[in-house]
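One file, entry.txt, is given below (compact mmCIF, C-alpha atoms and all ligand atoms).
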```
# COMPACT_ATOMS: atom_id res chain seq x y z
CA MET A 1 -63.30 45.42 49.74
CA PHE A 2 -60.18 47.55 50.12
CA ARG A 3 -57.20 45.64 51.52
CA LEU A 4 -55.49 48.49 53.29
CA SER A 5 -52.62 46.47 54.80
CA GLN A 6 -51.61 45.16 51.40
CA TYR A 7 -51.19 48.71 50.07
CA MET A 8 -49.63 49.99 53.29
CA ARG A 9 -46.94 47.33 52.84
CA GLU A 10 -46.35 48.84 49.41
CA VAL A 11 -45.74 52.21 51.05
CA ILE A 12 -43.10 50.70 53.31
CA ALA A 13 -41.57 48.17 50.91
CA PRO A 14 -42.78 48.55 47.31
CA THR A 15 -42.92 45.55 45.00
CA PRO A 16 -42.98 45.62 41.19
CA LEU A 17 -46.29 45.82 39.34
CA LYS A 18 -47.24 42.40 38.06
CA PRO A 19 -49.82 41.48 35.41
CA THR A 20 -53.29 41.25 36.98
CA ARG A 21 -54.97 37.89 37.24
CA LYS A 22 -58.70 37.90 36.66
CA PRO A 23 -60.44 35.56 39.11
CA ALA A 24 -62.33 32.76 37.35
CA ALA A 25 -65.39 33.25 39.56
CA PRO A 26 -66.55 35.50 42.38
CA VAL A 27 -66.16 35.18 46.11
CA VAL A 28 -69.59 34.11 47.39
CA ILE A 29 -71.05 35.52 50.58
CA TRP A 30 -73.79 33.10 51.48
CA ASN A 31 -76.50 33.96 54.00
CA LEU A 32 -77.45 30.40 54.88
CA ILE A 33 -80.08 31.40 57.41
CA ARG A 34 -81.87 34.62 58.29
CA ARG A 35 -82.66 33.70 61.87
CA CYS A 36 -80.53 35.48 64.44
CA ASN A 37 -80.43 35.67 68.22
CA LEU A 38 -79.84 39.45 67.93
CA THR A 39 -81.72 42.30 66.23
CA CYS A 40 -78.99 44.80 65.39
CA LYS A 41 -79.99 48.31 64.38
CA HIS A 42 -77.97 48.26 61.14
CA CYS A 43 -78.71 44.65 60.13
CA TYR A 44 -78.95 44.45 56.33
CA THR A 45 -80.87 41.16 56.53
CA THR A 46 -83.39 42.53 59.06
CA SER A 47 -82.92 39.34 61.02
CA THR A 48 -84.69 38.30 64.17
CA ASP A 49 -85.10 35.19 66.32
CA ILE A 50 -87.72 33.35 64.28
CA ASN A 51 -87.59 30.74 61.55
CA PHE A 52 -88.02 32.27 58.10
CA PRO A 53 -89.99 30.18 55.58
CA ASN A 54 -88.77 28.81 52.22
CA GLU A 55 -85.07 28.90 53.04
CA LEU A 56 -82.76 26.66 51.03
CA SER A 57 -82.76 23.12 52.40
CA THR A 58 -79.46 21.48 53.20
CA SER A 59 -79.70 19.31 50.07
CA GLU A 60 -80.35 22.44 47.96
CA ILE A 61 -77.31 24.04 49.60
CA TYR A 62 -75.19 20.99 48.70
CA HIS A 63 -76.50 21.01 45.14
CA THR A 64 -75.57 24.70 44.79
CA MET A 65 -72.16 24.09 46.36
CA LYS A 66 -71.37 21.58 43.62
CA ASP A 67 -72.28 24.17 40.97
CA LEU A 68 -70.10 26.75 42.73
CA GLN A 69 -67.22 24.29 42.82
CA ASP A 70 -67.57 23.50 39.10
CA PHE A 71 -67.77 27.24 38.38
CA LYS A 72 -64.46 27.63 40.29
CA VAL A 73 -65.75 29.86 43.07
CA PRO A 74 -62.69 30.13 45.35
CA VAL A 75 -64.18 31.42 48.61
CA LEU A 76 -67.36 30.85 50.59
CA ILE A 77 -68.15 33.25 53.40
CA LEU A 78 -70.89 31.57 55.42
CA SER A 79 -73.10 34.16 56.99
CA GLY A 80 -76.63 34.77 58.28
CA GLY A 81 -78.58 35.82 60.28
CA GLU A 82 -76.36 33.98 62.66
CA PRO A 83 -74.86 31.04 60.76
CA LEU A 84 -74.27 29.06 63.96
CA LEU A 85 -78.06 28.82 64.32
CA HIS A 86 -78.27 26.79 61.12
CA PRO A 87 -78.91 23.21 62.26
CA ASP A 88 -76.43 21.87 59.67
CA ILE A 89 -73.78 24.58 59.82
CA PHE A 90 -71.03 22.14 60.77
CA PRO A 91 -71.76 19.45 58.13
CA ILE A 92 -72.13 22.21 55.50
CA SER A 93 -68.84 23.77 56.57
CA GLU A 94 -67.04 20.42 56.63
CA ARG A 95 -68.26 19.58 53.16
CA ALA A 96 -67.24 23.01 51.84
CA LYS A 97 -63.75 22.52 53.25
CA LYS A 98 -63.47 19.05 51.71
CA MET A 99 -64.57 20.47 48.35
CA GLY A 100 -61.59 22.81 48.46
CA PHE A 101 -63.22 26.15 49.15
CA TYR A 102 -61.56 28.73 51.39
CA VAL A 103 -64.25 28.82 54.07
CA ALA A 104 -64.89 31.75 56.38
CA LEU A 105 -67.59 32.22 58.97
CA SER A 106 -69.24 35.57 59.57
CA SER A 107 -70.78 35.46 63.05
CA ASN A 108 -71.93 37.72 65.83
CA GLY A 109 -69.73 35.58 68.08
CA THR A 110 -72.22 35.17 70.91
CA LEU A 111 -72.84 31.49 70.13
CA ILE A 112 -69.19 30.47 70.06
CA THR A 113 -68.92 28.68 73.38
CA GLU A 114 -66.98 26.03 75.28
CA GLU A 115 -69.49 23.49 73.94
CA ASN A 116 -68.78 24.04 70.24
CA ILE A 117 -65.30 25.59 70.04
CA GLN A 118 -63.58 22.25 69.51
CA THR A 119 -65.90 21.43 66.61
CA ILE A 120 -65.30 24.90 65.16
CA ALA A 121 -61.54 24.43 65.48
CA ASP A 122 -61.68 20.94 63.93
CA ILE A 123 -63.55 22.22 60.88
CA GLY A 124 -60.60 24.48 60.13
CA TYR A 125 -62.33 27.66 59.02
CA GLN A 126 -59.67 29.83 57.43
CA TYR A 127 -61.17 32.88 59.09
CA ILE A 128 -63.91 33.84 61.51
CA GLY A 129 -65.17 37.42 61.50
CA VAL A 130 -67.03 38.59 64.59
CA SER A 131 -69.10 41.78 64.53
CA LEU A 132 -68.40 44.36 67.23
CA ASP A 133 -69.90 47.85 67.08
CA GLY A 134 -68.20 49.44 70.04
CA ILE A 135 -67.12 48.76 73.58
CA GLY A 136 -69.51 47.40 76.20
CA HIS A 137 -72.85 49.14 76.32
CA VAL A 138 -72.29 50.91 72.96
CA HIS A 139 -72.16 47.51 71.29
CA ASP A 140 -75.04 46.19 73.38
CA GLU A 141 -77.20 49.13 72.37
CA PHE A 142 -76.51 48.62 68.65
CA ARG A 143 -77.11 44.92 69.02
CA GLN A 144 -80.19 45.60 71.15
CA LYS A 145 -79.14 42.95 73.66
CA GLN A 146 -77.53 43.42 77.06
CA GLY A 147 -74.43 41.27 77.55
CA SER A 148 -73.83 40.68 73.86
CA PHE A 149 -70.46 42.48 73.93
CA ALA A 150 -69.18 40.17 76.68
CA ALA A 151 -70.53 37.11 74.86
CA SER A 152 -68.93 38.14 71.54
CA MET A 153 -65.60 38.85 73.23
CA HIS A 154 -65.76 35.46 74.89
CA GLY A 155 -66.29 33.88 71.46
CA ILE A 156 -63.29 35.79 70.10
CA GLU A 157 -61.13 34.67 73.03
CA LEU A 158 -62.09 31.03 72.50
CA CYS A 159 -61.13 31.29 68.82
CA LEU A 160 -57.80 32.91 69.68
CA GLN A 161 -57.04 30.19 72.23
CA GLN A 162 -57.56 27.61 69.47
CA GLY A 163 -55.28 29.49 67.08
CA ILE A 164 -58.14 30.31 64.71
CA LYS A 165 -57.63 33.46 62.63
CA VAL A 166 -60.23 35.84 63.92
CA GLY A 167 -61.19 39.40 63.14
CA ILE A 168 -63.40 42.23 64.30
CA ARG A 169 -66.05 43.47 61.90
CA TYR A 170 -66.94 47.02 62.85
CA THR A 171 -69.64 49.10 61.14
CA LEU A 172 -68.85 52.79 61.45
CA THR A 173 -71.73 55.15 62.18
CA GLN A 174 -72.09 58.55 63.78
CA ASN A 175 -73.18 56.90 67.02
CA ASN A 176 -70.21 54.60 67.53
CA ALA A 177 -67.38 56.58 65.92
CA LYS A 178 -66.18 57.78 69.33
CA ASP A 179 -65.42 54.16 70.23
CA PHE A 180 -63.26 53.63 67.16
CA PRO A 181 -59.89 54.36 68.89
CA SER A 182 -60.89 51.98 71.69
CA MET A 183 -61.72 49.30 69.13
CA LEU A 184 -58.20 49.54 67.73
CA GLN A 185 -56.84 49.37 71.27
CA LEU A 186 -58.98 46.30 71.93
CA MET A 187 -57.52 44.68 68.83
CA ASP A 188 -54.00 45.42 70.04
CA ASP A 189 -54.66 44.28 73.62
CA HIS A 190 -56.10 40.96 72.50
CA ASN A 191 -53.72 40.48 69.59
CA ILE A 192 -56.62 40.06 67.17
CA ASP A 193 -55.50 39.24 63.62
CA LYS A 194 -57.78 41.35 61.50
CA PHE A 195 -59.92 44.49 61.56
CA TYR A 196 -62.64 45.00 59.02
CA LEU A 197 -64.14 48.48 58.96
CA SER A 198 -67.46 48.52 57.20
CA HIS A 199 -69.14 51.74 56.19
CA LEU A 200 -72.85 51.83 56.79
CA ASN A 201 -74.57 50.86 53.58
CA TYR A 202 -78.19 51.39 52.71
CA GLY A 203 -79.77 47.96 53.06
CA GLY A 204 -82.17 46.27 55.48
CA ARG A 205 -82.26 47.99 58.87
CA GLY A 206 -79.16 49.87 57.66
CA ASN A 207 -81.46 51.61 55.20
CA ARG A 208 -83.93 52.70 57.84
CA ASN A 209 -81.05 53.96 60.02
CA ARG A 210 -79.18 55.82 57.35
CA LYS A 211 -79.77 59.15 59.05
CA ASP A 212 -77.16 57.80 61.49
CA ASP A 213 -74.53 57.41 58.78
CA ALA A 214 -71.28 58.89 60.01
CA MET A 215 -70.81 62.42 58.86
CA PHE A 216 -68.16 62.69 56.23
CA ASN A 217 -65.71 64.53 58.46
CA ILE A 218 -66.07 61.84 61.14
CA THR A 219 -65.41 59.22 58.47
CA ARG A 220 -62.30 61.06 57.33
CA ASP A 221 -61.01 61.32 60.93
CA CYS A 222 -61.54 57.59 61.46
CA MET A 223 -59.86 56.71 58.19
CA ASP A 224 -56.87 58.90 59.09
CA LEU A 225 -56.55 57.05 62.39
CA LEU A 226 -56.90 53.71 60.63
CA PHE A 227 -54.14 54.58 58.16
CA GLU A 228 -51.81 55.87 60.89
CA THR A 229 -52.40 52.78 63.03
CA ALA A 230 -51.88 50.39 60.11
CA TYR A 231 -48.65 52.20 59.23
CA ASP A 232 -47.32 52.37 62.80
CA TRP A 233 -48.11 48.75 63.58
CA LEU A 234 -46.53 47.51 60.37
CA LYS A 235 -43.40 49.53 61.11
CA ALA A 236 -43.40 47.98 64.59
CA GLY A 237 -43.54 44.48 63.09
CA LYS A 238 -47.16 43.80 64.08
CA GLU A 239 -48.45 41.77 61.15
CA ARG A 240 -52.13 42.48 61.35
CA GLU A 241 -54.60 42.89 58.60
CA PHE A 242 -56.79 45.93 57.98
CA VAL A 243 -59.52 45.90 55.38
CA THR A 244 -62.43 48.21 54.71
CA GLY A 245 -65.71 47.54 52.99
CA ASN A 246 -68.77 49.14 51.43
CA ASN A 247 -66.98 52.29 50.38
CA ASP A 248 -64.28 51.82 47.78
CA ALA A 249 -63.65 55.56 47.92
CA ASP A 250 -61.45 54.56 50.88
CA ALA A 251 -58.79 53.69 48.32
CA VAL A 252 -58.93 57.20 46.84
CA TYR A 253 -58.79 58.73 50.29
CA PHE A 254 -55.81 56.47 51.05
CA LEU A 255 -54.04 57.72 47.92
CA GLN A 256 -54.57 61.28 49.16
CA TRP A 257 -53.09 60.25 52.53
CA VAL A 258 -50.06 58.79 50.76
CA GLN A 259 -49.68 61.95 48.65
CA LYS A 260 -49.62 63.97 51.86
CA HIS A 261 -47.45 61.80 54.10
CA HIS A 262 -45.36 59.69 51.70
CA PRO A 263 -45.36 61.65 48.43
CA HIS A 264 -42.41 59.70 47.01
CA ARG A 265 -44.65 56.59 46.97
CA ALA A 266 -47.78 58.23 45.53
CA ALA A 267 -47.22 57.25 41.88
CA HIS A 268 -46.49 53.66 42.85
CA ILE A 269 -49.56 53.37 45.09
CA LYS A 270 -51.77 54.96 42.44
CA ALA A 271 -50.58 52.40 39.87
CA LYS A 272 -51.20 49.52 42.31
CA LEU A 273 -54.66 50.80 43.19
CA GLU A 274 -55.61 51.22 39.55
CA GLN A 275 -54.51 47.68 38.95
CA TRP A 276 -56.78 46.52 41.78
CA GLY A 277 -59.67 48.31 40.07
CA GLY A 278 -62.03 49.07 42.95
CA ASN A 279 -65.54 47.86 43.49
CA ALA A 280 -66.25 44.27 42.47
CA SER A 281 -69.98 43.93 43.18
CA GLY A 282 -71.56 41.87 40.42
CA VAL A 283 -68.13 40.90 39.12
CA ASN A 284 -65.85 39.31 41.72
CA VAL A 285 -68.25 39.44 44.69
CA ALA A 286 -71.60 37.67 44.81
CA ASN A 287 -74.27 37.03 47.36
CA ILE A 288 -76.76 34.20 47.77
CA ASP A 289 -79.48 34.85 50.31
CA ASN A 290 -81.28 32.42 52.59
CA LEU A 291 -84.05 31.84 50.03
CA GLY A 292 -81.60 31.16 47.20
CA HIS A 293 -81.82 34.54 45.47
CA VAL A 294 -78.58 35.74 43.91
CA HIS A 295 -77.54 39.39 44.38
CA PRO A 296 -74.59 41.49 43.16
CA ASP A 297 -73.52 41.90 46.79
CA THR A 298 -75.07 41.66 50.25
CA PHE A 299 -76.74 45.07 50.12
CA TRP A 300 -78.90 44.29 47.10
CA TRP A 301 -81.44 42.05 48.81
CA HIS A 302 -84.25 44.09 47.25
CA TYR A 303 -82.99 43.06 43.80
CA SER A 304 -82.84 39.40 42.74
CA LEU A 305 -80.84 38.31 39.72
CA GLY A 306 -82.42 34.85 39.86
CA ASN A 307 -82.83 31.96 42.27
CA VAL A 308 -80.59 28.92 42.57
CA LYS A 309 -83.71 26.78 43.13
CA GLN A 310 -84.63 27.52 39.50
CA ARG A 311 -81.29 28.13 37.74
CA PRO A 312 -77.71 27.30 38.65
CA PHE A 313 -75.72 30.16 40.14
CA SER A 314 -73.17 29.82 37.33
CA GLN A 315 -75.85 30.68 34.75
CA ILE A 316 -77.41 33.49 36.74
CA TRP A 317 -74.04 35.11 37.31
CA GLN A 318 -73.05 35.23 33.65
CA ASP A 319 -76.40 36.51 32.42
CA ILE A 320 -76.03 40.16 31.50
CA SER A 321 -79.53 40.46 30.07
CA ASP A 322 -80.27 41.85 33.53
CA PRO A 323 -79.71 45.65 33.28
CA LEU A 324 -78.13 45.97 36.73
CA MET A 325 -75.63 43.20 35.99
CA ALA A 326 -74.91 44.68 32.58
CA GLY A 327 -74.10 48.04 34.21
CA LEU A 328 -72.01 46.56 37.02
CA LYS A 329 -69.99 44.37 34.65
CA GLN A 330 -69.30 47.16 32.18
CA THR A 331 -65.80 48.67 32.20
CA PRO A 332 -65.76 51.54 32.84
CA ARG A 333 -69.22 51.64 34.39
CA PRO A 334 -71.49 54.24 32.77
CA LEU A 335 -71.71 56.40 35.90
CA LYS A 336 -73.36 59.77 36.24
CA GLY A 337 -72.94 63.03 38.14
CA ARG A 338 -69.86 63.52 40.29
CA CYS A 339 -68.84 59.88 39.75
CA GLU A 340 -68.77 60.30 35.96
CA THR A 341 -66.19 63.06 36.16
CA CYS A 342 -64.24 61.64 39.12
CA PRO A 343 -60.53 61.75 38.31
CA GLU A 344 -59.98 58.50 40.21
CA GLN A 345 -62.74 56.38 38.72
CA LYS A 346 -60.18 53.76 37.69
CA ILE A 347 -59.30 53.24 41.36
CA TRP A 348 -62.70 52.85 42.96
CA ASN A 349 -64.91 51.82 40.01
CA GLY A 350 -67.94 53.73 41.24
CA ASN A 351 -68.47 51.86 44.53
CA THR A 352 -71.24 49.40 45.45
CA ARG A 353 -73.94 51.49 43.67
CA VAL A 354 -76.61 50.55 46.18
CA ARG A 355 -76.54 53.95 47.90
CA ALA A 356 -77.17 55.64 44.54
CA GLN A 357 -80.06 53.31 43.88
CA GLN A 358 -81.57 53.89 47.34
CA VAL A 359 -81.24 57.67 47.25
CA PHE A 360 -81.71 58.52 43.55
CA ASN A 361 -83.51 55.39 42.36
CA ASP A 362 -80.76 55.01 39.78
CA PRO A 363 -77.88 52.57 40.38
CA LEU A 364 -75.63 54.53 38.05
CA ALA A 365 -76.21 57.93 39.69
CA GLU A 366 -73.44 59.50 41.77
CA ASP A 367 -72.64 57.79 45.05
CA PRO A 368 -74.09 59.87 47.91
CA GLY A 369 -71.70 58.12 50.31
CA CYS A 370 -68.48 59.39 48.76
CA TYR A 371 -66.64 61.46 51.37
CA VAL A 372 -63.55 62.25 49.30
CA GLU A 373 -62.82 65.89 48.46
CA PHE A 374 -60.75 66.91 45.45
S1 LIG B 401 -76.32 42.21 61.99
FE1 LIG B 401 -75.76 40.07 62.24
S2 LIG B 401 -75.88 39.72 64.44
FE2 LIG B 401 -77.05 41.55 64.02
S3 LIG B 401 -79.19 40.91 63.73
FE3 LIG B 401 -78.19 41.00 61.71
S4 LIG B 401 -77.48 38.94 61.38
FE4 LIG B 401 -77.85 39.13 63.57
```

In C-alpha cells, how does this file's structure come out?
Amino acid sequence: MFRLSQYMREVIAPTPLKPTRKPAAPVVIWNLIRRCNLTCKHCYTTSTDINFPNELSTSEIYHTMKDLQDFKVPVLILSGGEPLLHPDIFPISERAKKMGFYVALSSNGTLITEENIQTIADIGYQYIGVSLDGIGHVHDEFRQKQGSFAASMHGIELCLQQGIKVGIRYTLTQNNAKDFPSMLQLMDDHNIDKFYLSHLNYGGRGNRNRKDDAMFNITRDCMDLLFETAYDWLKAGKEREFVTGNNDADAVYFLQWVQKHHPHRAAHIKAKLEQWGGNASGVNVANIDNLGHVHPDTFWWHYSLGNVKQRPFSQIWQDISDPLMAGLKQTPRPLKGRCETCPEQKIWNGNTRVRAQQVFNDPLAEDPGCYVEF
C-alpha cells in the first residue's frame, strides 16, 4: 500500500529522515466470511449470497486472534465477502478492540443501516472502508445490483454522521476510469476522510475480468489527477488521506511526478520512498481467508501457506521453507526481466507478484502490470 498523502506532505513540508522501524508482525486482512449480498465483477473472493462450507467457527476465530495478539499483530482489517453478514461480526469486533488491535472494517456499505449504525459506532472501529466503483449506474453495473450505489452512499452518510472515519475504496478499471474525477468530487462534496485507489489485480473474478484492466495510459492519467488533487487539497488545508494499493509502481510514478513538478524535492522524496521499501506482501501484510488458509496477501487465494486450523498463524508466517514466502521475504527479491533491471527496485520492491504468477506462471517474473516508463 502506497500512502500518497504522507509523501505529498513531504513535498510541501519535508521532515528529516529517521531510522526505519521494522514492524514486529504484519497487518492482517481477515476475510471472516465469503458470503456476500453482491456479486461484483472484480471480486477477488468470488463471493455470492450463499453460505460457504468449512469456514472458521467463531471459537476458531477467537483462538487465532489470541495467537495474533501474542505475535504482536497490530492491525486487523475485517473483511469478507461482506463482513456484516457474519452472524458474530459485532462480538468478534468488540473482542478485537478489547485485545488492543487497531480494527478496521472493509464493507460494501449496503448493510450499514439505521438499525445497526449505533452498534457500529459503539464498537469504535478505527476505520471503515466502503467500496465504490463509480457513480450511480456505473457502480451498480460493476456490483451487479441495482440500487447498490444509493445503499452504499447511505451507509457512508450514516458513518459520517456518527463521526466514524470512513473512506471510499475504488478499483480502477478501463470501464470506470471516466468516473474517477467524479469520485474525487464526491469525496470532496461529502467530506469523506480517505480515498483508496486499488489497481485491478489478478485474483478471483478480477482474474477472469483482467482484459478490462485499465490501459496504462488511462492509469497514468488517473494517477496524475490523484497527485494533483492530493497536492491541491493539502495546500488548501483539506486534511484527507489518499492511499493506493495493488501496484507499488505508483510510488515510482509519483517520484517521476515530483521530478517534473517539484524537482527541488525529488532527492528527498526518493530517499523517503526507498526507506519505505515498497511492496510488503508476505512480509508486513498477511491474509487469512474464510477457511483459515494463510496467504501472502488477499490476491493469493489460489496459494495457501498453511491453515490456522492446523498450525498457528505465527508459525505459518515465519516458515520460509515455502518457496513463495522465501522469495517474498528475500531482500532484494530475486526478480526477473524488466523488474530485475529496474532502476527503482528499492522503492517498489517488485510489487505484489501475483500478476507475474498469473500471466507467466512465475511469481518472480516481471510484473505485467507496471505502467511506469523510464
Ligand atoms: S467485491 Fe466485496 S462487495 Fe463485491 S461481491 Fe466481493 S465481497 Fe461482495

Restricting the calculation to only C-alpha atoms and all ligand atoms: of A:Arg3, A:His199, A:Lys145, A:His295, which residue gets closest to ligand LIG 401 (chain B)?
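Selected residue with least distance to ligand LIG 401 (chain B): A:Lys145.
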
Using only C-alpha atoms, which protein or nucleic acid residues come within 7 Å of A:Tyr170? Drop anything in the same chain fewer than 6 positions from it, and give the result as a PyMOL selection string.
chain A and resi 131-133+196-198

Separation of atom CA of A:Gly155 from atom CA of A:Asp122 in Å:
15.7 Å

So which residues touch stretch 183-185 of chain A within 10 Å, counting all atoms listed in the file, skipping near sequence neighbours fewer than 4 positions away, as a short mmCIF file (atom, residue, chain, number, x, y, z; two decimals) with C-alpha atoms, in the frame of the given file?
```cif
data_model
loop_
_atom_site.label_atom_id
_atom_site.label_comp_id
_atom_site.auth_asym_id
_atom_site.auth_seq_id
_atom_site.Cartn_x
_atom_site.Cartn_y
_atom_site.Cartn_z
CA LEU A 132 -68.40 44.36 67.23
CA ASP A 133 -69.90 47.85 67.08
CA GLY A 134 -68.20 49.44 70.04
CA ILE A 135 -67.12 48.76 73.58
CA ILE A 168 -63.40 42.23 64.30
CA TYR A 170 -66.94 47.02 62.85
CA ALA A 177 -67.38 56.58 65.92
CA LYS A 178 -66.18 57.78 69.33
CA ASP A 179 -65.42 54.16 70.23
CA ASP A 189 -54.66 44.28 73.62
CA HIS A 190 -56.10 40.96 72.50
CA ASN A 191 -53.72 40.48 69.59
CA ILE A 192 -56.62 40.06 67.17
CA PHE A 195 -59.92 44.49 61.56
CA LEU A 225 -56.55 57.05 62.39
CA LEU A 226 -56.90 53.71 60.63
CA THR A 229 -52.40 52.78 63.03
CA ALA A 230 -51.88 50.39 60.11
#
```

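Here atom CA of A:Glu241 stands at a distance of 8.1 Å from atom CA of A:Gln6.
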
Do a neighbour search on stretch 352-362 of chain A at 9 Å with only C-alpha atoms, toss out local chain neighbours closer than 2 positions, and write the hits as a ChimeraX atom specification.
/A:201-203,207,246-248,279-281,296-297,299-300,328,349-350,364-369

I want to know what sits within 6 Å of A:Asn287, based on all atoms listed in the file, with residues of the same chain fewer than 6 positions away left out; could you give that as a VMD selection string?
chain A and resid 28 to 30 294 to 295 297 to 298
